[in-house]
>>> print(open('final24.cif').read())   # mmCIF, C-alpha atoms and all ligand atoms
data_structure
loop_
_atom_site.label_atom_id
_atom_site.label_comp_id
_atom_site.auth_asym_id
_atom_site.auth_seq_id
_atom_site.Cartn_x
_atom_site.Cartn_y
_atom_site.Cartn_z
CA MET A 1 -79.17 -20.54 10.62
CA ALA A 2 -75.91 -20.60 8.75
CA GLU A 3 -73.95 -20.15 5.57
CA ILE A 4 -72.45 -23.20 3.83
CA SER A 5 -69.19 -22.71 1.99
CA LEU A 6 -67.71 -25.40 -0.25
CA LYS A 7 -64.09 -24.88 -1.27
CA ASN A 8 -62.47 -26.91 -4.07
CA LEU A 9 -64.44 -30.00 -3.15
CA CYS A 10 -63.32 -33.19 -4.94
CA LYS A 11 -64.74 -36.69 -4.65
CA SER A 12 -64.14 -39.84 -6.70
CA PHE A 13 -65.52 -43.33 -6.41
CA GLY A 14 -62.82 -45.63 -7.82
CA SER A 15 -61.75 -44.12 -11.12
CA GLN A 16 -64.96 -42.09 -11.50
CA VAL A 17 -64.63 -38.41 -10.66
CA VAL A 18 -68.00 -37.45 -9.13
CA LEU A 19 -67.20 -33.94 -7.85
CA ASP A 20 -64.53 -31.94 -9.61
CA ASN A 21 -63.28 -28.93 -7.69
CA VAL A 22 -66.65 -27.55 -6.61
CA THR A 23 -66.54 -24.12 -4.99
CA MET A 24 -69.88 -22.63 -3.97
CA THR A 25 -71.39 -20.52 -1.21
CA VAL A 26 -74.91 -21.15 0.01
CA PRO A 27 -75.71 -17.82 1.69
CA ASP A 28 -77.32 -17.69 5.13
CA GLY A 29 -81.10 -17.84 4.74
CA SER A 30 -81.01 -18.77 1.05
CA PHE A 31 -82.86 -21.52 -0.80
CA VAL A 32 -80.29 -22.99 -3.18
CA VAL A 33 -81.37 -25.56 -5.75
CA LEU A 34 -78.78 -27.88 -7.27
CA LEU A 35 -79.79 -28.89 -10.78
CA GLY A 36 -78.27 -31.47 -13.05
CA PRO A 37 -79.11 -34.74 -14.77
CA THR A 38 -78.75 -38.09 -13.09
CA GLY A 39 -75.16 -38.80 -12.05
CA ALA A 40 -74.12 -35.11 -12.03
CA GLY A 41 -73.06 -35.32 -8.37
CA LYS A 42 -75.99 -33.65 -6.62
CA THR A 43 -76.65 -36.28 -3.95
CA THR A 44 -72.93 -36.68 -3.35
CA THR A 45 -72.68 -32.95 -2.58
CA LEU A 46 -75.40 -33.27 0.08
CA ARG A 47 -73.85 -36.41 1.56
CA LEU A 48 -70.48 -34.66 1.92
CA ILE A 49 -72.06 -31.66 3.65
CA SER A 50 -74.07 -33.84 6.03
CA GLY A 51 -70.99 -35.88 6.91
CA LEU A 52 -72.31 -39.19 5.53
CA ASP A 53 -69.31 -39.26 3.13
CA LYS A 54 -65.89 -37.65 3.25
CA PRO A 55 -64.41 -35.53 0.45
CA ASP A 56 -61.07 -36.59 -1.09
CA SER A 57 -59.93 -32.99 -0.87
CA GLY A 58 -61.34 -29.53 -0.33
CA GLN A 59 -63.16 -27.92 2.57
CA ILE A 60 -66.69 -27.62 3.88
CA LEU A 61 -67.39 -24.69 6.20
CA ILE A 62 -70.68 -24.26 8.05
CA ASP A 63 -70.99 -20.79 9.48
CA GLY A 64 -67.27 -20.32 8.91
CA VAL A 65 -66.27 -23.48 10.79
CA ASP A 66 -64.45 -26.31 9.00
CA VAL A 67 -66.59 -29.38 9.72
CA ALA A 68 -64.07 -32.01 8.53
CA SER A 69 -63.60 -33.50 11.97
CA MET A 70 -67.28 -33.29 13.01
CA SER A 71 -69.73 -36.21 13.03
CA PRO A 72 -73.06 -35.83 11.17
CA ALA A 73 -74.81 -35.13 14.51
CA GLN A 74 -72.31 -32.42 15.45
CA ARG A 75 -72.89 -30.69 12.13
CA ASP A 76 -76.53 -30.07 13.13
CA VAL A 77 -77.91 -30.64 9.66
CA ALA A 78 -81.39 -32.03 8.88
CA MET A 79 -81.49 -34.15 5.73
CA VAL A 80 -84.54 -35.34 3.81
CA PHE A 81 -83.88 -38.13 1.35
CA GLN A 82 -85.62 -39.08 -1.87
CA GLN A 83 -86.65 -42.35 -0.21
CA TYR A 84 -88.54 -41.90 3.01
CA SER A 85 -86.70 -43.19 6.04
CA LEU A 86 -89.18 -43.70 8.88
CA TYR A 87 -89.31 -46.02 11.89
CA PRO A 88 -91.95 -48.49 10.69
CA HIS A 89 -93.01 -49.68 14.16
CA LEU A 90 -93.67 -46.14 15.43
CA SER A 91 -96.77 -44.02 14.88
CA VAL A 92 -96.62 -40.90 12.73
CA ARG A 93 -96.73 -38.83 15.93
CA ASP A 94 -93.74 -40.67 17.40
CA ASN A 95 -91.83 -40.52 14.12
CA LEU A 96 -92.29 -36.75 14.06
CA ALA A 97 -91.41 -36.39 17.74
CA PHE A 98 -88.33 -38.61 17.48
CA PRO A 99 -85.79 -35.94 16.47
CA LEU A 100 -86.99 -33.75 19.37
CA LYS A 101 -86.51 -36.51 21.93
CA SER A 102 -82.77 -36.60 21.41
CA PRO A 103 -81.07 -36.27 24.81
CA VAL A 104 -78.95 -33.42 23.44
CA LEU A 105 -82.01 -31.26 22.67
CA ARG A 106 -83.97 -31.86 25.90
CA THR A 107 -87.18 -30.47 24.43
CA PRO A 108 -89.97 -30.08 27.05
CA ALA A 109 -92.93 -32.47 26.51
CA ASP A 110 -95.50 -29.73 25.83
CA GLU A 111 -93.15 -28.15 23.29
CA ILE A 112 -92.85 -31.52 21.51
CA ILE A 113 -96.65 -31.83 21.31
CA ARG A 114 -96.97 -28.28 19.99
CA LYS A 115 -94.24 -28.71 17.34
CA VAL A 116 -95.58 -32.07 16.13
CA ASP A 117 -99.13 -30.72 15.79
CA GLU A 118 -97.90 -27.64 13.96
CA VAL A 119 -95.79 -29.56 11.47
CA ALA A 120 -98.51 -32.19 10.92
CA ALA A 121 -100.97 -29.41 10.06
CA VAL A 122 -98.57 -27.78 7.60
CA LEU A 123 -97.98 -31.11 5.87
CA GLN A 124 -101.68 -32.04 5.91
CA ILE A 125 -101.20 -35.27 7.87
CA SER A 126 -102.89 -34.35 11.19
CA HIS A 127 -105.56 -37.02 10.60
CA LYS A 128 -102.87 -39.72 10.35
CA LEU A 129 -100.93 -38.91 13.53
CA ASP A 130 -101.97 -42.14 15.25
CA ASN A 131 -101.34 -44.41 12.26
CA LYS A 132 -98.26 -46.61 12.16
CA ALA A 133 -95.75 -45.52 9.55
CA THR A 134 -96.44 -48.74 7.64
CA GLU A 135 -100.09 -47.75 7.31
CA LEU A 136 -99.36 -44.75 5.11
CA SER A 137 -99.22 -44.25 1.36
CA GLY A 138 -95.84 -43.44 -0.20
CA GLY A 139 -96.75 -39.76 -0.47
CA GLU A 140 -97.82 -39.64 3.18
CA MET A 141 -94.58 -41.32 4.28
CA GLN A 142 -92.62 -38.73 2.36
CA ARG A 143 -94.53 -35.93 4.06
CA VAL A 144 -93.65 -37.43 7.45
CA SER A 145 -89.98 -37.57 6.39
CA ILE A 146 -90.09 -33.87 5.52
CA GLY A 147 -91.89 -33.24 8.82
CA ARG A 148 -89.10 -34.91 10.76
CA ALA A 149 -86.68 -32.37 9.38
CA LEU A 150 -89.04 -29.47 9.98
CA VAL A 151 -89.70 -30.18 13.68
CA ARG A 152 -86.07 -29.52 14.46
CA ASP A 153 -84.32 -26.23 14.28
CA PRO A 154 -81.05 -27.23 12.62
CA GLN A 155 -78.34 -24.98 11.22
CA ILE A 156 -79.15 -26.12 7.69
CA TYR A 157 -81.63 -28.27 5.79
CA LEU A 158 -80.47 -30.58 3.01
CA MET A 159 -83.22 -32.05 0.82
CA ASP A 160 -82.73 -34.62 -1.92
CA GLU A 161 -85.70 -34.62 -4.31
CA PRO A 162 -88.13 -34.65 -1.39
CA LEU A 163 -91.22 -34.12 -3.56
CA SER A 164 -90.45 -36.53 -6.39
CA SER A 165 -92.64 -39.37 -5.10
CA LEU A 166 -95.71 -37.18 -4.61
CA ASP A 167 -98.57 -36.64 -7.04
CA ALA A 168 -98.73 -33.40 -9.01
CA LYS A 169 -101.32 -31.65 -6.80
CA LEU A 170 -99.52 -32.43 -3.54
CA ARG A 171 -96.18 -31.53 -5.10
CA SER A 172 -97.40 -28.10 -6.05
CA ASP A 173 -99.03 -27.56 -2.62
CA LEU A 174 -95.84 -28.59 -0.83
CA ARG A 175 -93.64 -26.47 -3.12
CA ILE A 176 -95.51 -23.44 -1.85
CA GLU A 177 -95.48 -24.65 1.77
CA LEU A 178 -91.76 -25.47 1.76
CA LYS A 179 -90.92 -22.10 0.29
CA ARG A 180 -93.15 -20.36 2.84
CA ILE A 181 -91.65 -22.30 5.75
CA GLN A 182 -88.09 -21.65 4.57
CA ALA A 183 -88.73 -17.94 4.15
CA SER A 184 -90.49 -17.56 7.50
CA LEU A 185 -87.81 -19.48 9.41
CA GLY A 186 -85.04 -17.69 7.50
CA ALA A 187 -83.66 -21.21 7.02
CA THR A 188 -80.67 -22.08 4.85
CA LEU A 189 -81.79 -24.82 2.51
CA LEU A 190 -79.85 -26.76 -0.11
CA TYR A 191 -82.22 -28.68 -2.32
CA VAL A 192 -81.59 -31.20 -5.08
CA THR A 193 -84.03 -31.72 -7.92
CA HIS A 194 -84.45 -32.62 -11.57
CA ASP A 195 -87.60 -30.56 -11.65
CA GLN A 196 -87.03 -27.17 -13.23
CA ILE A 197 -90.38 -25.83 -11.99
CA GLU A 198 -89.20 -26.46 -8.42
CA ALA A 199 -85.98 -24.64 -9.23
CA MET A 200 -87.69 -21.64 -10.82
CA THR A 201 -90.39 -21.27 -8.15
CA MET A 202 -88.53 -21.97 -4.93
CA ALA A 203 -84.88 -21.08 -5.39
CA THR A 204 -83.20 -17.86 -4.42
CA HIS A 205 -80.15 -19.28 -6.24
CA VAL A 206 -79.58 -22.15 -8.67
CA GLY A 207 -76.34 -24.12 -9.03
CA VAL A 208 -75.99 -26.18 -12.19
CA LEU A 209 -73.78 -29.26 -12.06
CA ASP A 210 -72.35 -30.93 -15.18
CA GLN A 211 -70.47 -34.16 -14.51
CA GLY A 212 -69.28 -33.02 -11.12
CA ARG A 213 -68.40 -29.47 -12.14
CA LEU A 214 -70.38 -26.43 -11.02
CA VAL A 215 -70.89 -24.68 -14.35
CA GLN A 216 -73.13 -21.79 -13.26
CA PHE A 217 -74.46 -20.29 -10.04
CA GLY A 218 -76.92 -17.41 -9.90
CA THR A 219 -80.52 -16.41 -9.36
CA PRO A 220 -83.04 -18.50 -11.33
CA ARG A 221 -83.62 -15.49 -13.54
CA GLN A 222 -79.91 -14.96 -14.27
CA VAL A 223 -79.46 -18.62 -15.12
CA TYR A 224 -82.57 -18.62 -17.32
CA GLU A 225 -81.86 -15.39 -19.16
CA ASP A 226 -78.08 -15.43 -19.22
CA PRO A 227 -76.91 -19.08 -19.40
CA VAL A 228 -73.21 -19.73 -20.00
CA SER A 229 -73.78 -22.69 -22.31
CA ILE A 230 -76.33 -24.79 -24.20
CA TYR A 231 -76.10 -27.30 -21.36
CA VAL A 232 -77.18 -24.71 -18.78
CA ALA A 233 -79.79 -23.13 -21.10
CA SER A 234 -81.39 -26.56 -21.54
CA ARG A 235 -81.75 -27.16 -17.78
CA LEU A 236 -84.39 -24.44 -17.25
CA GLY A 237 -87.55 -23.70 -19.25
CA SER A 238 -90.56 -25.70 -20.37
CA PRO A 239 -90.93 -26.22 -23.27
CA LYS A 240 -87.16 -26.40 -23.57
CA ILE A 241 -85.10 -23.76 -25.32
CA ASN A 242 -84.92 -24.31 -29.09
CA ILE A 243 -81.37 -24.90 -30.30
CA LEU A 244 -81.01 -24.38 -34.06
CA PRO A 245 -78.24 -23.76 -36.58
CA ALA A 246 -77.29 -20.08 -36.23
CA ASP A 247 -77.29 -19.51 -40.00
CA LEU A 248 -81.05 -20.13 -40.31
CA PHE A 249 -81.52 -16.49 -39.33
CA PRO A 250 -79.72 -13.32 -40.49
CA ASP A 251 -77.25 -11.39 -38.31
CA ALA A 252 -75.57 -14.27 -36.44
CA PRO A 253 -72.28 -13.00 -34.93
CA ALA A 254 -68.90 -14.45 -36.02
CA GLY A 255 -68.21 -17.82 -34.41
CA ALA A 256 -71.90 -18.59 -33.77
CA VAL A 257 -72.74 -22.19 -34.59
CA ASN A 258 -76.08 -22.42 -32.78
CA ILE A 259 -78.82 -20.00 -31.89
CA GLY A 260 -80.87 -20.59 -28.74
CA LEU A 261 -84.44 -19.34 -28.78
CA ARG A 262 -86.77 -19.60 -25.80
CA PRO A 263 -90.32 -20.49 -26.98
CA GLU A 264 -91.59 -17.11 -25.76
CA HIS A 265 -88.86 -15.28 -27.67
CA ILE A 266 -90.12 -15.88 -31.19
CA HIS A 267 -92.07 -13.16 -32.95
CA ILE A 268 -94.64 -14.32 -35.51
CA GLY A 269 -95.47 -12.05 -38.44
CA ALA A 270 -92.32 -11.36 -40.42
CA GLY A 271 -88.94 -12.92 -41.12
CA VAL A 272 -87.96 -16.49 -41.96
CA GLN A 273 -90.53 -18.94 -43.33
CA ALA A 274 -91.67 -21.82 -41.11
CA THR A 275 -94.37 -24.47 -41.46
CA VAL A 276 -96.86 -25.37 -38.72
CA VAL A 277 -96.46 -29.09 -37.92
CA ARG A 278 -98.78 -29.36 -34.93
CA VAL A 279 -101.00 -27.08 -32.83
CA GLU A 280 -101.18 -28.08 -29.17
CA HIS A 281 -104.04 -26.41 -27.25
CA LEU A 282 -103.27 -26.38 -23.50
CA GLY A 283 -106.18 -24.20 -22.35
CA ASP A 284 -104.34 -21.08 -21.18
CA GLN A 285 -101.84 -21.14 -24.05
CA THR A 286 -101.19 -22.84 -27.35
CA ARG A 287 -97.93 -24.39 -28.39
CA LEU A 288 -97.01 -24.24 -32.04
CA HIS A 289 -94.68 -26.94 -33.31
CA LEU A 290 -92.93 -25.57 -36.37
CA ASP A 291 -90.53 -26.82 -38.99
CA ILE A 292 -87.92 -24.41 -40.22
CA ALA A 293 -85.77 -25.80 -43.05
CA GLY A 294 -86.03 -29.30 -41.59
CA ASN A 295 -85.42 -28.21 -37.95
CA PRO A 296 -88.10 -28.57 -35.24
CA LEU A 297 -89.02 -25.48 -33.23
CA ILE A 298 -91.61 -24.89 -30.51
CA THR A 299 -93.18 -21.52 -29.82
CA LEU A 300 -96.18 -20.16 -27.98
CA THR A 301 -99.16 -18.31 -29.35
CA GLU A 302 -102.55 -17.09 -28.11
CA ALA A 303 -105.03 -19.71 -26.87
CA HIS A 304 -107.51 -19.13 -29.69
CA THR A 305 -105.17 -19.16 -32.66
CA THR A 306 -106.69 -20.07 -36.01
CA LEU A 307 -103.43 -21.55 -37.28
CA THR A 308 -103.56 -25.20 -38.29
CA LYS A 309 -101.20 -27.89 -39.47
CA GLY A 310 -99.62 -27.09 -42.84
CA ASP A 311 -99.94 -23.29 -42.53
CA SER A 312 -96.93 -21.24 -43.47
CA ILE A 313 -95.85 -18.41 -41.18
CA ALA A 314 -92.88 -16.05 -40.85
CA ILE A 315 -90.88 -15.75 -37.62
CA THR A 316 -88.21 -13.47 -36.17
CA PRO A 317 -86.01 -14.24 -33.14
CA GLU A 318 -86.24 -11.97 -30.09
CA ASN A 319 -83.48 -12.03 -27.45
CA PRO A 320 -81.50 -14.74 -29.28
CA LEU A 321 -78.65 -16.49 -27.45
CA TYR A 322 -75.65 -17.55 -29.57
CA PHE A 323 -73.32 -20.47 -28.89
CA ASN A 324 -69.99 -21.54 -30.36
CA ALA A 325 -68.99 -25.00 -31.61
CA SER A 326 -68.30 -26.19 -28.03
CA GLY A 327 -71.76 -25.08 -26.88
CA ASP A 328 -70.40 -22.11 -24.92
CA ARG A 329 -72.26 -18.84 -25.01
CA LEU A 330 -70.97 -16.04 -27.22
CA LYS A 331 -71.38 -12.67 -25.55
N1 LIG B 401 -71.01 -45.03 -2.81
C1 LIG B 401 -70.77 -44.99 -4.11
N2 LIG B 401 -69.95 -45.87 -4.71
C2 LIG B 401 -69.68 -45.81 -6.02
N3 LIG B 401 -70.20 -44.88 -6.87
C3 LIG B 401 -71.03 -43.98 -6.35
C4 LIG B 401 -71.35 -43.97 -4.95
N4 LIG B 401 -72.20 -42.94 -4.72
C5 LIG B 401 -72.40 -42.33 -5.93
N5 LIG B 401 -71.70 -42.94 -6.90
C6 LIG B 401 -71.66 -42.54 -8.32
O1 LIG B 401 -71.41 -41.16 -8.39
C7 LIG B 401 -72.13 -40.55 -9.44
C8 LIG B 401 -72.88 -39.36 -8.91
O2 LIG B 401 -73.88 -39.81 -8.03
P1 LIG B 401 -74.91 -38.83 -7.34
O3 LIG B 401 -75.84 -39.70 -6.56
O4 LIG B 401 -74.21 -37.75 -6.63
O5 LIG B 401 -75.66 -38.24 -8.62
P2 LIG B 401 -76.96 -37.34 -8.67
O6 LIG B 401 -76.61 -36.13 -9.45
O7 LIG B 401 -77.52 -37.13 -7.32
O8 LIG B 401 -77.92 -38.28 -9.50
P3 LIG B 401 -79.48 -38.63 -9.30
O9 LIG B 401 -80.21 -37.47 -9.84
O10 LIG B 401 -79.67 -39.87 -10.12
O11 LIG B 401 -79.72 -38.86 -7.83
C9 LIG B 401 -73.01 -41.64 -10.03
O12 LIG B 401 -72.44 -42.06 -11.24
C10 LIG B 401 -73.01 -42.72 -8.99
O13 LIG B 401 -73.11 -43.99 -9.58
#
>>> encode(input="final24.cif", output="structure tokens")
Amino acid sequence: MAEISLKNLCKSFGSQVVLDNVTMTVPDGSFVVLLGPTGAGKTTTLRLISGLDKPDSGQILIDGVDVASMSPAQRDVAMVFQQYSLYPHLSVRDNLAFPLKSPVLRTPADEIIRKVDEVAAVLQISHKLDNKATELSGGEMQRVSIGRALVRDPQIYLMDEPLSSLDAKLRSDLRIELKRIQASLGATLLYVTHDQIEAMTMATHVGVLDQGRLVQFGTPRQVYEDPVSIYVASRLGSPKINILPADLFPDAPAGAVNIGLRPEHIHIGAGVQATVVRVEHLGDQTRLHLDIAGNPLITLTEAHTTLTKGDSIAITPENPLYFNASGDRLK
């Protein structure tokens, strides 16, 4: 396995700057999740690393080697796309075996059988091994696409929203499986998603992209607890962080325009008056939708709360985050 190092990477399409001076290290054996809204440059980053596109400037090093002159095959990278890319005329077994049959790898036949069976079991598609790729559901096809990356032993794995087409149950099963496989192989994995639960549960590190710029890189916990801006704070957490005028509460520091309050960081019992707008019972927890001087706010309370719509309560911020007029964090 290998480290990926991006140095001052820039890429434009026509007049649109898609990556703006991105410098980032994906450590050997890490699971790095790139987060950002649509168009932030996530897929482009993967395509540049895999060699499918070329950067305008900057460097990509894999295990310390500049890969600029290497073809995608020479880079020894396995990529899983959002859209499954299978050979429709081949069976699932042959699709999975295909990467191992490359003349460069020369994998022995019994090793191919063993690997394919192992990966099919992990991805819960053993019963479909003899089906044609066209005879699978979308979710099954996507599992075969992931399997085709897993049968190989590449230097790095690049995955572009590989779970987005799967239903919720399968997505959560595969989140756990992918994380387990990555950790047991010690694989270096760069993973693109919109899904903050995937980021929080799988990543060793999270990189947040904003219009082609890498605005924060750290552990999921660092990025969640210590975001550099409202933009970053809003990328992680469900329900989302509450962003309110800073002067709704006492003790805002000079220059603070907004206060950011995570739903779990609001103490009920004393402080500023708020009105209950809606009580959302989710089984294990209850979300309280509040109104505070005309501003919406969501917080959490115990499952069996007796609060109802129209009640008046008092709240105090815990661990508030303050932001200036540009949305940058005040320390
Ligand atoms: N080959 C191309 N030609 C022209 N523009 C492109 C090309 N590839 C990407 N873009 C543009 O670059 C921007 C970034 O695209 P990219 O696919 O990297 O975003 P993303 O963060 O992966 O978004 P998504 O989450 O929607 O996949 C988009 O505005 C896209 O339209």
>>> closest_residue(input="final24.cif", among="A:Arg213, A:Lys128, A:Lys179, A:Lys309", to="ligand LIG 401 (chain B)", atoms="all atoms listed in the file")
A:Arg213
>>> atom_distance(input="final24.cif", atom1="atom CA of A:Val279", atom2="atom CA of A:Asp251")
29.0 Å
>>> residues_near_ligand(input="final24.cif", ligand="ligand LIG 401 (chain B)", cutoff="9 Å", atoms="all atoms listed in the file", output="PyMOL selection string")
chain A and resi 11-14+16-19+34-47+53+82+160-161+192-194+209-212
>>> closest_residue(input="final24.cif", among="A:Ala256, A:Val104, A:Met79, A:Ile313", to="A:Tyr191", atoms="all atoms listed in the file")
A:Met79
>>> closest_residue(input="final24.cif", among="A:Asn319, A:Ser326, A:Thr23, A:Asn295", to="A:Glu225", atoms="all atoms listed in the file")
A:Asn319
>>> closest_residue(input="final24.cif", among="A:Phe31, A:Tyr157, A:Phe81, A:Tyr322", to="A:Phe249", atoms="all atoms listed in the file")
A:Tyr322
>>> closest_residue(input="final24.cif", among="A:Arg171, A:Lys54, A:His89, A:Lys240", to="A:Asp130", atoms="all atoms listed in the file")
A:His89
>>> residues_around(input="final24.cif", residues="A:Ser50", least_positions_apart="2", cutoff="7 Å", atoms="all atoms listed in the file", output="list in words")
Leu46, Arg47, Leu48, Leu52, Pro72, Arg75 and Val77 of chain A
>>> closest_residue(input="final24.cif", among="A:Ala120, A:Ala274, A:Thr301, A:Pro263", to="A:Pro320", atoms="all atoms listed in the file")
A:Pro263
>>> atom_distance(input="final24.cif", atom1="atom CA of A:Thr305", atom2="atom CA of A:Thr286")
7.6 Å
>>> residues_near_point(input="final24.cif", point="(-72.2, -19.6, 7.0)", cutoff="6 Å", atoms="all atoms listed in the file", output="ChimeraX atom specification")
/A:2-4,28,62-64
>>> residues_around(input="final24.cif", residues="A:Leu166", least_positions_apart="2", cutoff="9 Å", atoms="only C-alpha atoms", output="ChimeraX atom specification")
/A:138-140,142-143,162-164,168-171
